[in-house]
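Raw contents of upload-v2.txt, compact mmCIF, C-alpha atoms and all ligand atoms:
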# COMPACT_ATOMS: atom_id res chain seq x y z
CA MET A 403 13.95 9.07 -15.22
CA ILE A 404 15.77 5.81 -14.44
CA ILE A 405 19.21 6.05 -12.84
CA TYR A 406 21.63 3.22 -12.17
CA PHE A 407 22.91 3.88 -8.65
CA PRO A 408 23.84 0.72 -6.72
CA TYR A 409 25.10 2.50 -3.59
CA LEU A 410 21.61 3.10 -2.21
CA PHE A 411 20.72 -0.53 -1.75
CA TYR A 412 20.96 -3.19 0.90
CA GLY A 413 19.28 -6.54 1.45
CA ASP A 414 16.97 -7.60 -1.38
CA PHE A 415 16.01 -4.12 -2.55
CA GLN A 416 16.32 -3.62 -6.31
CA GLY A 417 14.66 -0.27 -6.91
CA MET A 418 13.82 2.93 -5.13
CA THR A 419 11.82 5.94 -6.21
CA ILE A 420 12.40 9.49 -5.14
CA PHE A 421 10.41 11.66 -7.52
CA PRO A 422 11.34 12.31 -10.30
CA PHE A 423 13.97 9.55 -10.20
CA ILE A 424 13.78 5.78 -10.19
CA PHE A 425 17.04 4.35 -8.85
CA ILE A 426 17.97 0.79 -9.77
CA ARG A 427 20.53 -1.50 -8.25
CA TYR A 428 21.70 -3.18 -11.47
CA LYS A 429 21.76 -1.78 -15.03
CA TYR A 430 19.78 -4.70 -16.49
CA LEU A 431 16.86 -3.89 -14.18
CA LYS A 432 15.79 -1.05 -16.47
CA HIS A 433 14.36 -3.83 -18.68
CA ASN A 434 12.41 -5.37 -15.79
CA LYS A 435 8.90 -4.19 -16.69
CA ILE A 436 7.34 -5.27 -13.39
CA LEU A 437 9.95 -3.50 -11.26
CA ILE A 438 9.72 -0.32 -13.35
CA ASN A 439 5.91 -0.42 -13.19
CA HIS A 440 6.14 -0.87 -9.41
CA GLU A 441 8.38 2.18 -9.13
CA LYS A 442 6.13 4.19 -11.47
CA ILE A 443 3.22 3.50 -9.12
CA HIS A 444 5.36 5.06 -6.36
CA LEU A 445 6.07 8.05 -8.62
CA ARG A 446 2.33 8.60 -8.95
CA GLN A 447 1.77 8.20 -5.21
CA GLN A 448 4.52 10.73 -4.46
CA LEU A 449 3.07 13.25 -6.90
CA GLU A 450 -0.42 13.07 -5.47
CA MET A 451 0.93 13.26 -1.90
CA LEU A 452 2.88 16.43 -2.83
CA TRP A 453 6.09 14.46 -2.37
CA ILE A 454 6.92 15.20 1.26
CA PHE A 455 3.67 13.77 2.69
CA PHE A 456 4.38 10.50 0.92
CA PHE A 457 7.62 10.05 2.85
CA ILE A 458 6.08 11.16 6.15
CA CYS A 459 3.14 8.75 5.77
CA TYR A 460 5.41 5.97 4.50
CA LEU A 461 7.66 6.28 7.55
CA VAL A 462 4.77 6.58 10.03
CA GLU A 463 3.08 3.50 8.55
CA TYR A 464 6.34 1.58 8.63
CA ILE A 465 6.93 2.42 12.31
CA ILE A 466 3.35 1.49 13.26
CA ASN A 467 3.72 -1.81 11.34
CA LEU A 468 7.04 -2.49 12.99
CA ILE A 469 5.48 -2.09 16.44
CA LYS A 470 2.53 -4.24 15.38
CA TYR A 471 4.40 -7.08 13.61
CA LYS A 472 7.91 -6.80 15.11
CA ASN A 473 9.39 -7.79 11.74
CA THR A 474 11.00 -5.37 9.25
CA ASN A 475 10.03 -7.39 6.16
CA ILE A 476 6.36 -7.68 7.15
CA ALA A 477 6.31 -4.03 8.27
CA TYR A 478 7.56 -2.98 4.83
CA HIS A 479 5.14 -5.16 2.84
CA LYS A 480 2.14 -3.96 4.88
CA ILE A 481 2.71 -0.29 4.04
CA SER A 482 -0.33 0.77 1.97
CA PHE A 483 1.86 2.30 -0.77
CA GLU A 484 3.77 -0.97 -1.10
CA ARG A 485 0.63 -3.10 -0.99
CA GLU A 486 -0.89 -1.11 -3.85
CA ALA A 487 2.37 -1.30 -5.84
CA TYR A 488 2.99 -5.02 -5.27
CA ILE A 489 -0.61 -6.04 -5.98
CA ASN A 490 -0.76 -4.05 -9.23
CA ASP A 491 2.79 -3.97 -10.62
CA LYS A 492 2.15 -6.92 -12.98
CA ASN A 493 -0.73 -5.02 -14.57
CA MET A 494 0.95 -2.73 -17.13
CA LYS A 495 -2.30 -0.82 -17.70
CA TYR A 496 -2.88 -0.18 -13.99
CA LEU A 497 -1.70 3.43 -14.00
CA ASN A 498 -4.00 4.29 -16.94
CA LYS A 499 -7.14 3.53 -14.97
CA ARG A 500 -5.94 4.15 -11.42
CA LYS A 501 -7.92 6.68 -9.41
CA ILE A 502 -6.26 9.37 -7.30
CA TRP A 503 -5.20 8.27 -3.79
CA ALA A 504 -5.95 4.64 -4.67
CA PHE A 505 -3.47 3.50 -1.98
CA ILE A 506 -6.08 4.37 0.69
CA LYS A 507 -7.91 1.15 -0.24
CA TYR A 508 -4.79 -0.75 0.81
CA LEU A 509 -4.52 0.71 4.30
CA LYS A 510 -4.73 -1.99 6.96
ZN ZN B 601 7.77 -0.39 -3.53
Could you write out this structure as structure tokens?
Ligand SMILES: [Zn+2]
Amino acid sequence: MIIYFPYLFYGDFQGMTIFPFIFIRYKYLKHNKILINHEKIHLRQQLEMLWIFFFICYLVEYIINLIKYKNTNIAYHKISFEREAYINDKNMKYLNKRKIWAFIKYLK
């Protein structure tokens, strides 16, 4: 379910997923197929991580990356969940063939 809710966002962020919702910063973004596909990949990740473990792992990875790279933007883009989503969000058929816990391949 896509919800227009601009109050969540700062910086360059356009979308955010908290299962079962995809929040978007601007109404027109619901037509942005790549962004919505990106967020749908996060929906799948959250489901298979039983929701709460997704957020715990996401935060732990982010903190480790932040210590490692000392840069918030790099720390964010190196999170395995984000790497999987960014690498595959242009492929609209990705979720049809994706295997469970596919983000593990993107751990660095
Ligand atoms: Zn993302």
List the spatial neighbours of Gln448 (chain A) as a PyMOL selection string - criterion: any atom at most 9 Å away, only C-alpha atoms, same-chain residues fewer than 5 positions off excluded. chain A and resi 419-421+443+453-457
Report as a PyMOL selection string which protein, DNA and RNA residues come within 9 Å of ligand ZN 601 (chain B), using all atoms listed in the file. chain A and resi 417-419+437+440-441+443-444+478-479+483-488
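Taking all atoms listed in the file into account, the protein, DNA and RNA residues within 6 Å of (3.7, -3.7, -12.7) read Ile436, Asn439, His440, Asn490, Asp491, Lys492, Asn493 and Met494 of chain A.
The space separating CA of Ser482 (chain A) from CA of Lys507 (chain A) comes to 7.9 Å.
When CA of Met403 (chain A) is paired with CA of Leu431 (chain A), their separation reads 13.3 Å.
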Around (24.2, 1.7, -5.3) in the file's own coordinates, what residues are found within 9 Å if you use all atoms listed in the file, given back as a ChimeraX atom specification? /A:406-412,425-428
Of A:Tyr471, A:Tyr496, A:Tyr460, A:Tyr430, the one nearest to Leu509 (chain A) when counting all atoms listed in the file is A:Tyr460
Let me make sure I understand: among A:Phe423, A:Lys510, A:Gln416, A:Lys472, which one has the smallest atom-to-atom distance to Leu449 (chain A) if we use all atoms listed in the file? A:Phe423
So how many Å separate CA of Leu445 (chain A) and CA of Val462 (chain A), to one decimal? 18.8 Å
Just checking: using only C-alpha atoms, which residue out of A:Ile481, A:Arg446, A:Met451, A:Glu463 ends up closest to Asn498 (chain A)? A:Arg446
